[in-house]
Protein chains: 4
Amino acid sequence: MRALIKHHAGEGLQLDRDRAMPELGPRDVLIRVTKAGICGTDRHIWEWDDWAAGRIPVGIVTGHEFVGVIERVGSAATRFQPGLRVSAEGHITAGVDYNSRTGNAHIARDTKIIGVDRDGCFAEYLVMPEENVWPIHKDIPDRFAAVMDPLGNAVHTVMEAGVSAKSVLISGVGIIGLMAVTVARAAGASRIYCTDINPPRLALAKRLGASEAFDAREGSGWIEQVRRETRGEGVDVLLEMSGASAGLESGFQALRNGGRAALLGLLAKSPTFDFNKHIIFKGCHVLGINGRRMFDTWYQMEELLLSGRLELDQIVTHEFGLDEYERAFETMISGEGIKVLMNING
Amino acid sequence: MRALIKHHAGEGLQLDRDRAMPELGPRDVLIRVTKAGICGTDRHIWEWDDWAAGRIPVGIVTGHEFVGVIERVGSAATRFQPGLRVSAEGHITAGVDYNSRTGNAHIARDTKIIGVDRDGCFAEYLVMPEENVWPIHKDIPDRFAAVMDPLGNAVHTVMEAGVSAKSVLISGVGIIGLMAVTVARAAGASRIYCTDINPPRLALAKRLGASEAFDAREGSGWIEQVRRETRGEGVDVLLEMSGASAGLESGFQALRNGGRAALLGLLAKSPTFDFNKHIIFKGCHVLGINGRRMFDTWYQMEELLLSGRLELDQIVTHEFGLDEYERAFETMISGEGIKVLMNING
Amino acid sequence: MRALIKHHAGEGLQLDRDRAMPELGPRDVLIRVTKAGICGTDRHIWEWDDWAAGRIPVGIVTGHEFVGVIERVGSAATRFQPGLRVSAEGHITAGVDYNSRTGNAHIARDTKIIGVDRDGCFAEYLVMPEENVWPIHKDIPDRFAAVMDPLGNAVHTVMEAGVSAKSVLISGVGIIGLMAVTVARAAGASRIYCTDINPPRLALAKRLGASEAFDAREGSGWIEQVRRETRGEGVDVLLEMSGASAGLESGFQALRNGGRAALLGLLAKSPTFDFNKHIIFKGCHVLGINGRRMFDTWYQMEELLLSGRLELDQIVTHEFGLDEYERAFETMISGEGIKVLMNING
Amino acid sequence: MRALIKHHAGEGLQLDRDRAMPELGPRDVLIRVTKAGICGTDRHIWEWDDWAAGRIPVGIVTGHEFVGVIERVGSAATRFQPGLRVSAEGHITAGVDYNSRTGNAHIARDTKIIGVDRDGCFAEYLVMPEENVWPIHKDIPDRFAAVMDPLGNAVHTVMEAGVSAKSVLISGVGIIGLMAVTVARAAGASRIYCTDINPPRLALAKRLGASEAFDAREGSGWIEQVRRETRGEGVDVLLEMSGASAGLESGFQALRNGGRAALLGLLAKSPTFDFNKHIIFKGCHVLGINGRRMFDTWYQMEELLLSGRLELDQIVTHEFGLDEYERAFETMISGEGIKVLMNING
């Protein structure tokens, strides 16, 4: 089969046209991949930064966002049948630790991630444990089903924070931050403020439903405006998606006493942080967010997608064939595209 | 001053044009009433049914939904100033019992309600303890500020149940049920089903955002439809607002295992209820809802009203002068109007 | 193998000394049963009441509370190894419905229960899906490990209600109610009131940590006492374990406004219930409780058992050999024993 | 009256024997102080460190932990009567901001603290707004009623984190940490680990119910032991009460994925903190804790005190007369005493 491989310890990926088919275990399903999305993580793997060099086994098939169709099921697999259109949760656990057994497999201790720790979905075929498979509702189109992994990060963050009838600040509107704007709006946020340093993304955030979108490079005057518009208190909820120390810091400044902060963005460097001022005196709740809940987040996504209230059309901007993977990555890395898909089969 | 009085133990109310001004205690504020809304409770008082005859002291000023302006404040009142546009929470407590002191004054043991247990707002002036006063945001018009009491019932029910990214069944779309439709939609419900036996109200529910509105007189086929559209499970959330045994029963039938039911509608008669089937085997959560949380619900209302996502224009249908109170009540009782206001001053 | 069979549609069980060994599927484990507990459900099956006649397939092996040792694992089973001492969650689901996939398998729509819907544990060997297996910590003795199923009902009820620093009323102190007394005390209840109509059980409840134990046949004066001792409010938490309409009714009378009621006891007959008074005006939360959470409840049990704070010695009163099953059932049915075990292997 | 005054901007306090009686406002009560406790904050004020120099107005009466008897009530005060034995919540707000009106006055924006921002309780008489008064149950002795302020910090932290049937790490066993040990045990913690650098306090923690008490100066081997004893996961709950960067850091290391950390200890210096590792990847919840909830925490304290399960006798170690205030402070500052009281009237 064709597959996009991290072929050597350096920049780029390579298209292998003769990769061996993955082996199907008794509890696995074999999925014929239809479309796959390119994630910021894939960009790190392409660029081979320190994180990638330290984590990614050379030789694996990359990619973890996809939709496809079940081709075959293992001898002891009972849950799903060939022909079913599916995506899957890419975090795989053995199912025996505390978190796996209490509905929190997304923070299990032994998680392996497809396209990171083992073969992923930038390939014609992919094998997944049946526990991880997610059937796609007939009314959800492939181009949205292909991005349920990052959409799930946004939904997980928004739903864990709780935004219904609340004012929300989204710090950082990259791909997931933009998804969070439309998700927060659909989930009932009363007002959505955004910050970033990228004007086109800020403009898009407004089109997706943000009340205000501030360029963080223009000083911290926006914090005063937010506070003025929130009874002098600050926002009810902070969604930290910038992964920048400055975004974290200003986000907490704009958060009201007793507010909730959900942190998704990974920080490049551990910041110096004033716990007294930002968390203890304020009586704030801070939630670390990681992956997607299995499978609460997936059900919430399905509800939101079927509600017709998510505006993903402006976020899923480009599609390429697998053979055009270099243009696909270039479009994503340059910022010309937001979410870029590759069509793999059909 | 002019005031609408429950003048004798029988049907009707009487307009007293020379009622003595209410007495202002040291911690009270005197409010000049601008507009007041007619509630189903006022109808019971007008019609003098068994409940009214058992509860209402003859001679009181009726009414509990209003907006007005502070005219004067008591000698020891410190929180608000004359000239402020306000509404107020009509449940008054001494502030010393467990629930009053833990943010749950809406279920205090010693609650007195204006227009029910003591003088109310169908009058030119009204006295309220300053703790109960709610300042009205400048962007909220009087005709909506006047109905924050019943809107608060709807918001309390919706927010306590939690509807964000969830499917919701609203059993009963009277005034508060209709408000709950637009509130649930604004608060992020993914799908809203309604039942009632009043076709115009069902039609209005759809215009306000309900996905489906079922006439309960046409059998229980709708339950199967709802289940089919919810993965065979049933809805995530039931908001019981019919106060009818049949509405309660069918509502629980349509609720999924592990769902949440918020009960607001008071039942005319205690039903026979299958706890095993509806609550225990299903592992459901049932919440009794009463009044409005002080003041979480009021802040949530403010957020929702300012979000521009509540469609109250189709619910607040009529306004009359205080002198036209008989036509106002007639319009409300006949069902011609939904929420009917009386303009009292200005 | 030897196995206790529901051999015909009538009273009693029969010991089959030559039952075929159960078949081991690829994802199952075969468990050699060490000890098994007799449940109230087993009594219903023995007595062949209406419920049993309507539900139990004649010919099955009965029993669902046990501890044993893994003898063999299926070809595709990966989680546990032969030789491990285990119990198991007796509710088996296919793992594909909403509740199974969101950490709430205890209320899945397709649950099959061992010893009720399929072969159970009153036998030398038992087959279980590996997902259901629970490894027993080395410091937990077999006689307690054998009763984790009913103990789990008690823990589930107590923990879902939340008793930490709260006053609790346990309505009904049968086996699970007695377990709930010691569990509630270990879990931090500040005061525990009990009611029942069985004086020796009430006396035992006091020895296990109840502050007061009331004989419900002596009138409802106890409700006034409880209210007096709880600031005039009533208890914070009601655990309904009597399954009697009178217990439900008086339990709600003794519950404070805003209190939480967890209902476990199945009612023999649907009661007439005043929702207005007991739930809506009071703003109460009512939780239906069923089975055990998979596997939060099991982890909580492990914590509680290892804490040394559960007093189960007075609850697990008798042990018999499997061949003495008639005496075992008689001891349990007569009330002479509380929790009665059968030693099956070793 | 006699009162202990911060008489000048430097070390020490001075006993003024002729301080004017405080002025009683219409909504205030005048309290005759019986006993008062010395807090770490009072030590800062005594020692006049940077925090004190920046915050404390010279000339105020110090002290904020006390029990007394109402002597007189203001003209518009209605809740309590002279002769009542009381303590009071020392955080005073105007009652108009978001948090004050939603049951979270402990994090109001305009809080003034007695003995810090205005006159406190190291005096024969003290004036408090009646909203802040807490009646003392007859079964709670004065020496415990006098320390409900710091006990409330411990209870607030423990109850917000939730410890029922959970393993808990208390990082730092100063006065409040020690109180947290006995509170966590009474509130249902299954296991309590402590760390500190003070061996006598660690020994006392064990006597109060800690399973293990580790000297943090002896390396981080204890983290491995804790993890081993908690299924390899780490503790369910961290209560950070050390206020030390090292305590914060090692506390998070010992916390399991998905655990809850409640932070009470104020850090002398903002630490560099790895959010990715400690919060985001782990999916942890972090709660900032401040003051006491009004008045949930006070009710919880009352429940716990009346349960007879709090062991405060070993924590409240010394009592002196007000005239002996220098010895009282010396005993507290030297560490010879833990909680030191001053008897003021009677």
# chains A, B, ... in the order shown; residues from 1 in each chain; ligands from 1
call {"tool": "residues_around", "arguments": {"residues": "stretch 147-162 of chain A", "least_positions_apart": "5", "cutoff": "6 Å", "atoms": "only C-alpha atoms", "output": "ChimeraX atom specification"}}
result
/A:65,176,180,262,291-292,297
call {"tool": "interface_residues", "arguments": {"of": "chain D", "to": "chain B", "cutoff": "6 Å", "atoms": "only C-alpha atoms", "output": "ChimeraX atom specification"}}
result
/D:101-103,295-296
call {"tool": "residues_around", "arguments": {"residues": "stretch 275-278 of chain A", "least_positions_apart": "6", "cutoff": "7 Å", "atoms": "only C-alpha atoms", "output": "list in words"}}
result
Phe252 of chain A; Leu266, Leu267 and Ser270 of chain D
call {"tool": "closest_residue", "arguments": {"among": "A:Asp313, A:Glu89, A:Asp28, A:Asp274", "to": "A:Glu130", "atoms": "only C-alpha atoms"}}
result
A:Asp28
call {"tool": "select_by_dssp", "arguments": {"residues": "stretch 83-179 of chain A", "states": "alpha helix (DSSP H)", "output": "short mmCIF file (atom, residue, chain, number, x, y, z; two decimals) with all heavy atoms, in the first residue's frame"}}
result
data_model
loop_
_atom_site.label_atom_id
_atom_site.label_comp_id
_atom_site.auth_asym_id
_atom_site.auth_seq_id
_atom_site.Cartn_x
_atom_site.Cartn_y
_atom_site.Cartn_z
N ASP A 142 -17.60 13.40 5.22
CA ASP A 142 -16.22 12.93 5.41
C ASP A 142 -15.25 14.04 5.80
O ASP A 142 -14.37 13.83 6.64
CB ASP A 142 -15.71 12.27 4.11
CG ASP A 142 -16.04 10.78 4.06
OD1 ASP A 142 -16.61 10.25 5.04
OD2 ASP A 142 -15.74 10.15 3.03
N ARG A 143 -15.40 15.22 5.19
CA ARG A 143 -14.38 16.24 5.46
C ARG A 143 -14.44 16.76 6.89
O ARG A 143 -13.45 17.32 7.39
CB ARG A 143 -14.44 17.39 4.44
CG ARG A 143 -15.61 18.32 4.59
CD ARG A 143 -15.61 19.35 3.44
NE ARG A 143 -16.68 20.33 3.64
CZ ARG A 143 -17.98 20.09 3.50
NH1 ARG A 143 -18.42 18.90 3.15
NH2 ARG A 143 -18.86 21.04 3.70
N PHE A 144 -15.58 16.58 7.55
CA PHE A 144 -15.62 16.93 8.98
C PHE A 144 -15.27 15.71 9.84
O PHE A 144 -14.59 15.83 10.86
CB PHE A 144 -16.99 17.48 9.37
CG PHE A 144 -17.36 18.76 8.67
CD1 PHE A 144 -18.69 19.18 8.60
CD2 PHE A 144 -16.38 19.57 8.08
CE1 PHE A 144 -19.03 20.37 7.96
CE2 PHE A 144 -16.72 20.76 7.43
CZ PHE A 144 -18.04 21.16 7.37
N ALA A 145 -15.71 14.55 9.41
CA ALA A 145 -15.37 13.33 10.16
C ALA A 145 -13.86 13.14 10.24
O ALA A 145 -13.35 12.60 11.22
CB ALA A 145 -16.04 12.12 9.50
N MET A 148 -12.18 14.93 13.46
CA MET A 148 -12.77 14.80 14.79
C MET A 148 -11.71 14.72 15.88
O MET A 148 -11.99 15.02 17.05
CB MET A 148 -13.72 13.60 14.84
CG MET A 148 -15.01 13.90 14.07
SD MET A 148 -16.25 12.56 14.13
CE MET A 148 -17.02 12.87 15.73
N ASP A 149 -10.49 14.35 15.53
CA ASP A 149 -9.42 14.35 16.53
C ASP A 149 -9.14 15.78 17.03
O ASP A 149 -9.30 16.05 18.23
CB ASP A 149 -8.18 13.67 15.92
CG ASP A 149 -7.01 13.63 16.85
OD1 ASP A 149 -6.45 14.72 17.13
OD2 ASP A 149 -6.63 12.55 17.32
N PRO A 150 -8.80 16.74 16.16
CA PRO A 150 -8.57 18.10 16.69
C PRO A 150 -9.86 18.78 17.13
O PRO A 150 -9.86 19.53 18.12
CB PRO A 150 -7.94 18.83 15.50
CG PRO A 150 -8.39 18.07 14.29
CD PRO A 150 -8.49 16.65 14.73
N LEU A 151 -10.94 18.52 16.43
CA LEU A 151 -12.22 19.08 16.88
C LEU A 151 -12.51 18.59 18.30
O LEU A 151 -13.01 19.34 19.14
CB LEU A 151 -13.35 18.67 15.93
CG LEU A 151 -14.74 19.19 16.29
CD1 LEU A 151 -14.80 20.71 16.23
CD2 LEU A 151 -15.80 18.60 15.35
N GLY A 152 -12.16 17.33 18.55
CA GLY A 152 -12.35 16.77 19.89
C GLY A 152 -11.52 17.49 20.94
O GLY A 152 -11.95 17.66 22.08
N ASN A 153 -10.31 17.93 20.59
CA ASN A 153 -9.54 18.73 21.54
C ASN A 153 -10.29 20.00 21.90
O ASN A 153 -10.37 20.39 23.07
CB ASN A 153 -8.18 19.13 20.94
CG ASN A 153 -7.23 17.97 20.77
OD1 ASN A 153 -6.62 17.80 19.72
ND2 ASN A 153 -7.11 17.13 21.78
N ALA A 154 -10.84 20.64 20.88
CA ALA A 154 -11.59 21.89 21.12
C ALA A 154 -12.84 21.60 21.97
O ALA A 154 -13.12 22.31 22.94
CB ALA A 154 -11.98 22.53 19.80
N VAL A 155 -13.58 20.56 21.60
CA VAL A 155 -14.81 20.24 22.32
C VAL A 155 -14.50 19.84 23.77
O VAL A 155 -15.17 20.26 24.71
CB VAL A 155 -15.59 19.13 21.58
CG1 VAL A 155 -16.73 18.60 22.44
CG2 VAL A 155 -16.12 19.66 20.25
N HIS A 156 -13.45 19.04 23.94
CA HIS A 156 -13.06 18.63 25.28
C HIS A 156 -12.76 19.85 26.15
O HIS A 156 -13.24 19.96 27.29
CB HIS A 156 -11.84 17.70 25.17
CG HIS A 156 -11.41 17.08 26.47
ND1 HIS A 156 -10.24 16.39 26.60
CD2 HIS A 156 -11.98 17.04 27.69
CE1 HIS A 156 -10.12 15.95 27.84
NE2 HIS A 156 -11.16 16.34 28.52
N THR A 157 -12.00 20.77 25.61
CA THR A 157 -11.63 21.97 26.38
C THR A 157 -12.86 22.79 26.72
O THR A 157 -13.07 23.20 27.87
CB THR A 157 -10.63 22.83 25.57
OG1 THR A 157 -9.59 22.00 25.06
CG2 THR A 157 -10.03 23.91 26.44
N VAL A 158 -13.69 23.04 25.72
CA VAL A 158 -14.88 23.88 25.91
C VAL A 158 -15.85 23.23 26.91
O VAL A 158 -16.35 23.88 27.83
CB VAL A 158 -15.59 24.12 24.56
CG1 VAL A 158 -16.99 24.69 24.76
CG2 VAL A 158 -14.75 25.03 23.67
N MET A 159 -16.09 21.94 26.75
CA MET A 159 -17.11 21.28 27.58
C MET A 159 -16.62 21.07 29.00
O MET A 159 -17.40 21.09 29.95
CB MET A 159 -17.53 19.96 26.96
CG MET A 159 -18.21 20.09 25.61
SD MET A 159 -19.66 21.20 25.60
CE MET A 159 -20.79 20.26 26.65
N GLU A 160 -15.32 20.82 29.16
CA GLU A 160 -14.78 20.64 30.51
C GLU A 160 -14.82 21.97 31.26
O GLU A 160 -15.12 21.99 32.46
CB GLU A 160 -13.35 20.10 30.42
CG GLU A 160 -12.87 19.37 31.62
CD GLU A 160 -13.47 17.96 31.75
OE1 GLU A 160 -14.24 17.52 30.84
OE2 GLU A 160 -13.20 17.31 32.74
N ALA A 161 -14.54 23.06 30.55
CA ALA A 161 -14.60 24.37 31.19
C ALA A 161 -16.05 24.72 31.52
O ALA A 161 -16.34 25.24 32.59
CB ALA A 161 -14.00 25.42 30.28
N ILE A 175 -5.56 26.52 14.80
CA ILE A 175 -6.61 25.65 14.29
C ILE A 175 -7.59 25.26 15.40
O ILE A 175 -8.80 25.40 15.25
CB ILE A 175 -6.01 24.36 13.68
CG1 ILE A 175 -5.09 24.69 12.52
CG2 ILE A 175 -7.13 23.43 13.22
CD1 ILE A 175 -4.37 23.49 11.93
N ILE A 176 -7.05 24.81 16.52
CA ILE A 176 -7.95 24.34 17.58
C ILE A 176 -8.65 25.51 18.25
O ILE A 176 -9.82 25.42 18.62
CB ILE A 176 -7.18 23.44 18.57
CG1 ILE A 176 -6.72 22.17 17.82
CG2 ILE A 176 -8.05 23.06 19.76
CD1 ILE A 176 -5.88 21.22 18.63
N GLY A 177 -7.96 26.63 18.39
CA GLY A 177 -8.60 27.82 18.94
C GLY A 177 -9.76 28.28 18.07
O GLY A 177 -10.83 28.65 18.57
N LEU A 178 -9.58 28.23 16.75
CA LEU A 178 -10.69 28.61 15.86
C LEU A 178 -11.85 27.64 16.00
O LEU A 178 -13.02 28.03 16.04
CB LEU A 178 -10.20 28.64 14.40
CG LEU A 178 -9.27 29.81 14.05
CD1 LEU A 178 -8.61 29.58 12.69
CD2 LEU A 178 -10.01 31.15 14.08
N MET A 179 -11.53 26.36 16.06
CA MET A 179 -12.59 25.38 16.29
C MET A 179 -13.29 25.69 17.62
O MET A 179 -14.52 25.61 17.72
CB MET A 179 -12.01 23.96 16.33
CG MET A 179 -11.61 23.44 14.95
SD MET A 179 -10.76 21.84 15.08
CE MET A 179 -10.87 21.26 13.36
#
call {"tool": "residues_around", "arguments": {"residues": "C:Val133", "least_positions_apart": "6", "cutoff": "8 Å", "atoms": "only C-alpha atoms", "output": "list in words"}}
result
Val86, Ser87, Ala88 and Glu89 of chain C
call {"tool": "residues_around", "arguments": {"residues": "A:Phe320", "least_positions_apart": "5", "cutoff": "8 Å", "atoms": "only C-alpha atoms", "output": "compact mmCIF listing (two decimals) with N, CA, C and O atoms, in the first residue's frame"}}
result
# COMPACT_ATOMS: atom_id res chain seq x y z
N TYR A 325 1.38 15.25 -1.20
CA TYR A 325 1.58 15.53 0.24
C TYR A 325 2.52 16.71 0.48
O TYR A 325 2.37 17.43 1.47
N ARG A 327 2.78 19.50 -1.28
CA ARG A 327 2.00 20.74 -1.38
C ARG A 327 1.05 20.86 -0.18
O ARG A 327 0.81 21.95 0.32
N ALA A 328 0.52 19.74 0.25
CA ALA A 328 -0.40 19.77 1.39
C ALA A 328 0.31 20.31 2.63
O ALA A 328 -0.19 21.22 3.31
N VAL A 340 -5.86 21.32 6.58
CA VAL A 340 -5.59 20.78 5.25
C VAL A 340 -5.78 19.26 5.28
O VAL A 340 -5.25 18.59 6.18
N LEU A 341 -6.55 18.75 4.34
CA LEU A 341 -6.81 17.30 4.28
C LEU A 341 -6.06 16.66 3.13
O LEU A 341 -5.76 17.31 2.13
N MET A 342 -5.81 15.36 3.26
CA MET A 342 -5.32 14.57 2.12
C MET A 342 -6.35 13.49 1.81
O MET A 342 -6.79 12.77 2.71
N ASN A 343 -6.72 13.41 0.52
CA ASN A 343 -7.62 12.34 0.08
C ASN A 343 -6.79 11.12 -0.22
O ASN A 343 -5.88 11.18 -1.04
call {"tool": "residues_around", "arguments": {"residues": "D:Asp139", "least_positions_apart": "4", "cutoff": "10 Å", "atoms": "only C-alpha atoms", "output": "ChimeraX atom specification"}}
result
/D:302,305-306
call {"tool": "residues_around", "arguments": {"residues": "stretch 110-127 of chain B", "least_positions_apart": "2", "cutoff": "8 Å", "atoms": "only C-alpha atoms", "output": "JSON, numbers by chain"}}
result
{"B": [1, 2, 3, 4, 21, 22, 23, 24, 28, 29, 30, 31, 32, 33, 34, 36, 55, 56, 57, 60, 61, 62, 63, 64, 65, 66, 90, 91, 92, 93, 94, 106, 107, 108, 129, 322, 344, 345]}
call {"tool": "closest_residue", "arguments": {"among": "D:Val237, D:Leu312, D:Ala189, D:Ile5", "to": "C:Ser164", "atoms": "only C-alpha atoms"}}
result
D:Ala189
call {"tool": "atom_distance", "arguments": {"atom1": "atom CA of A:Glu336", "atom2": "atom CA of A:Val316"}}
result
11.7 Å
call {"tool": "closest_residue", "arguments": {"among": "A:Ala246, A:Gly283, A:Ser307, A:Gln81", "to": "B:Arg185", "atoms": "only C-alpha atoms"}}
result
A:Ser307
call {"tool": "select_by_dssp", "arguments": {"residues": "stretch 16-133 of chain B", "states": "strand (DSSP E)", "output": "PyMOL selection string"}}
result
chain B and resi 16+28-37+65-73+85-88+91-92+112-113+125-129+133
call {"tool": "decode", "arguments": {"residues": "stretch 269-284 of chain C", "atoms": "N, CA, C and O atoms", "output": "PDB file, in the first residue's frame"}}
result
ATOM      1  N   LYS C 269     -44.233  -2.020  44.841  1.00  0.00           N
ATOM      2  CA  LYS C 269     -45.424  -1.469  44.205  1.00  0.00           C
ATOM      3  C   LYS C 269     -45.196   0.015  43.996  1.00  0.00           C
ATOM      4  O   LYS C 269     -44.653   0.689  44.869  1.00  0.00           O
ATOM      5  N   SER C 270     -45.630   0.527  42.829  1.00  0.00           N
ATOM      6  CA  SER C 270     -45.435   1.961  42.564  1.00  0.00           C
ATOM      7  C   SER C 270     -46.247   2.778  43.555  1.00  0.00           C
ATOM      8  O   SER C 270     -47.464   2.637  43.629  1.00  0.00           O
ATOM      9  N   PRO C 271     -45.592   3.666  44.305  1.00  0.00           N
ATOM     10  CA  PRO C 271     -46.324   4.440  45.303  1.00  0.00           C
ATOM     11  C   PRO C 271     -46.976   5.683  44.700  1.00  0.00           C
ATOM     12  O   PRO C 271     -46.601   6.128  43.617  1.00  0.00           O
ATOM     13  N   THR C 272     -47.948   6.222  45.414  1.00  0.00           N
ATOM     14  CA  THR C 272     -48.447   7.566  45.131  1.00  0.00           C
ATOM     15  C   THR C 272     -47.498   8.524  45.830  1.00  0.00           C
ATOM     16  O   THR C 272     -47.217   8.353  47.020  1.00  0.00           O
ATOM     17  N   PHE C 273     -46.981   9.494  45.098  1.00  0.00           N
ATOM     18  CA  PHE C 273     -45.867  10.283  45.630  1.00  0.00           C
ATOM     19  C   PHE C 273     -46.108  11.763  45.393  1.00  0.00           C
ATOM     20  O   PHE C 273     -46.453  12.180  44.278  1.00  0.00           O
ATOM     21  N   ASP C 274     -45.920  12.555  46.435  1.00  0.00           N
ATOM     22  CA  ASP C 274     -46.154  14.000  46.355  1.00  0.00           C
ATOM     23  C   ASP C 274     -44.876  14.706  45.870  1.00  0.00           C
ATOM     24  O   ASP C 274     -44.058  15.146  46.675  1.00  0.00           O
ATOM     25  N   PHE C 275     -44.743  14.785  44.550  1.00  0.00           N
ATOM     26  CA  PHE C 275     -43.557  15.424  43.967  1.00  0.00           C
ATOM     27  C   PHE C 275     -43.438  16.886  44.388  1.00  0.00           C
ATOM     28  O   PHE C 275     -42.334  17.383  44.593  1.00  0.00           O
ATOM     29  N   ASN C 276     -44.555  17.587  44.473  1.00  0.00           N
ATOM     30  CA  ASN C 276     -44.512  19.014  44.839  1.00  0.00           C
ATOM     31  C   ASN C 276     -43.813  19.190  46.184  1.00  0.00           C
ATOM     32  O   ASN C 276     -42.858  19.954  46.317  1.00  0.00           O
ATOM     33  N   LYS C 277     -44.322  18.461  47.161  1.00  0.00           N
ATOM     34  CA  LYS C 277     -43.842  18.636  48.535  1.00  0.00           C
ATOM     35  C   LYS C 277     -42.431  18.087  48.731  1.00  0.00           C
ATOM     36  O   LYS C 277     -41.591  18.714  49.369  1.00  0.00           O
ATOM     37  N   HIS C 278     -42.188  16.909  48.183  1.00  0.00           N
ATOM     38  CA  HIS C 278     -40.943  16.216  48.522  1.00  0.00           C
ATOM     39  C   HIS C 278     -39.769  16.606  47.634  1.00  0.00           C
ATOM     40  O   HIS C 278     -38.622  16.491  48.038  1.00  0.00           O
ATOM     41  N   ILE C 279     -40.040  17.011  46.420  1.00  0.00           N
ATOM     42  CA  ILE C 279     -38.925  17.277  45.498  1.00  0.00           C
ATOM     43  C   ILE C 279     -38.918  18.710  44.996  1.00  0.00           C
ATOM     44  O   ILE C 279     -37.891  19.385  45.061  1.00  0.00           O
ATOM     45  N   ILE C 280     -40.066  19.203  44.509  1.00  0.00           N
ATOM     46  CA  ILE C 280     -40.048  20.487  43.801  1.00  0.00           C
ATOM     47  C   ILE C 280     -39.920  21.659  44.771  1.00  0.00           C
ATOM     48  O   ILE C 280     -38.991  22.469  44.654  1.00  0.00           O
ATOM     49  N   PHE C 281     -40.816  21.765  45.751  1.00  0.00           N
ATOM     50  CA  PHE C 281     -40.707  22.887  46.695  1.00  0.00           C
ATOM     51  C   PHE C 281     -39.389  22.823  47.460  1.00  0.00           C
ATOM     52  O   PHE C 281     -38.799  23.843  47.789  1.00  0.00           O
ATOM     53  N   LYS C 282     -38.957  21.606  47.745  1.00  0.00           N
ATOM     54  CA  LYS C 282     -37.737  21.451  48.540  1.00  0.00           C
ATOM     55  C   LYS C 282     -36.463  21.648  47.723  1.00  0.00           C
ATOM     56  O   LYS C 282     -35.386  21.744  48.291  1.00  0.00           O
ATOM     57  N   GLY C 283     -36.572  21.617  46.404  1.00  0.00           N
ATOM     58  CA  GLY C 283     -35.360  21.740  45.599  1.00  0.00           C
ATOM     59  C   GLY C 283     -34.394  20.593  45.837  1.00  0.00           C
ATOM     60  O   GLY C 283     -33.177  20.786  45.891  1.00  0.00           O
ATOM     61  N   CYS C 284     -34.932  19.378  45.975  1.00  0.00           N
ATOM     62  CA  CYS C 284     -34.076  18.219  46.251  1.00  0.00           C
ATOM     63  C   CYS C 284     -33.493  17.612  44.982  1.00  0.00           C
ATOM     64  O   CYS C 284     -34.027  17.791  43.891  1.00  0.00           O
TER      65      CYS C 284
END
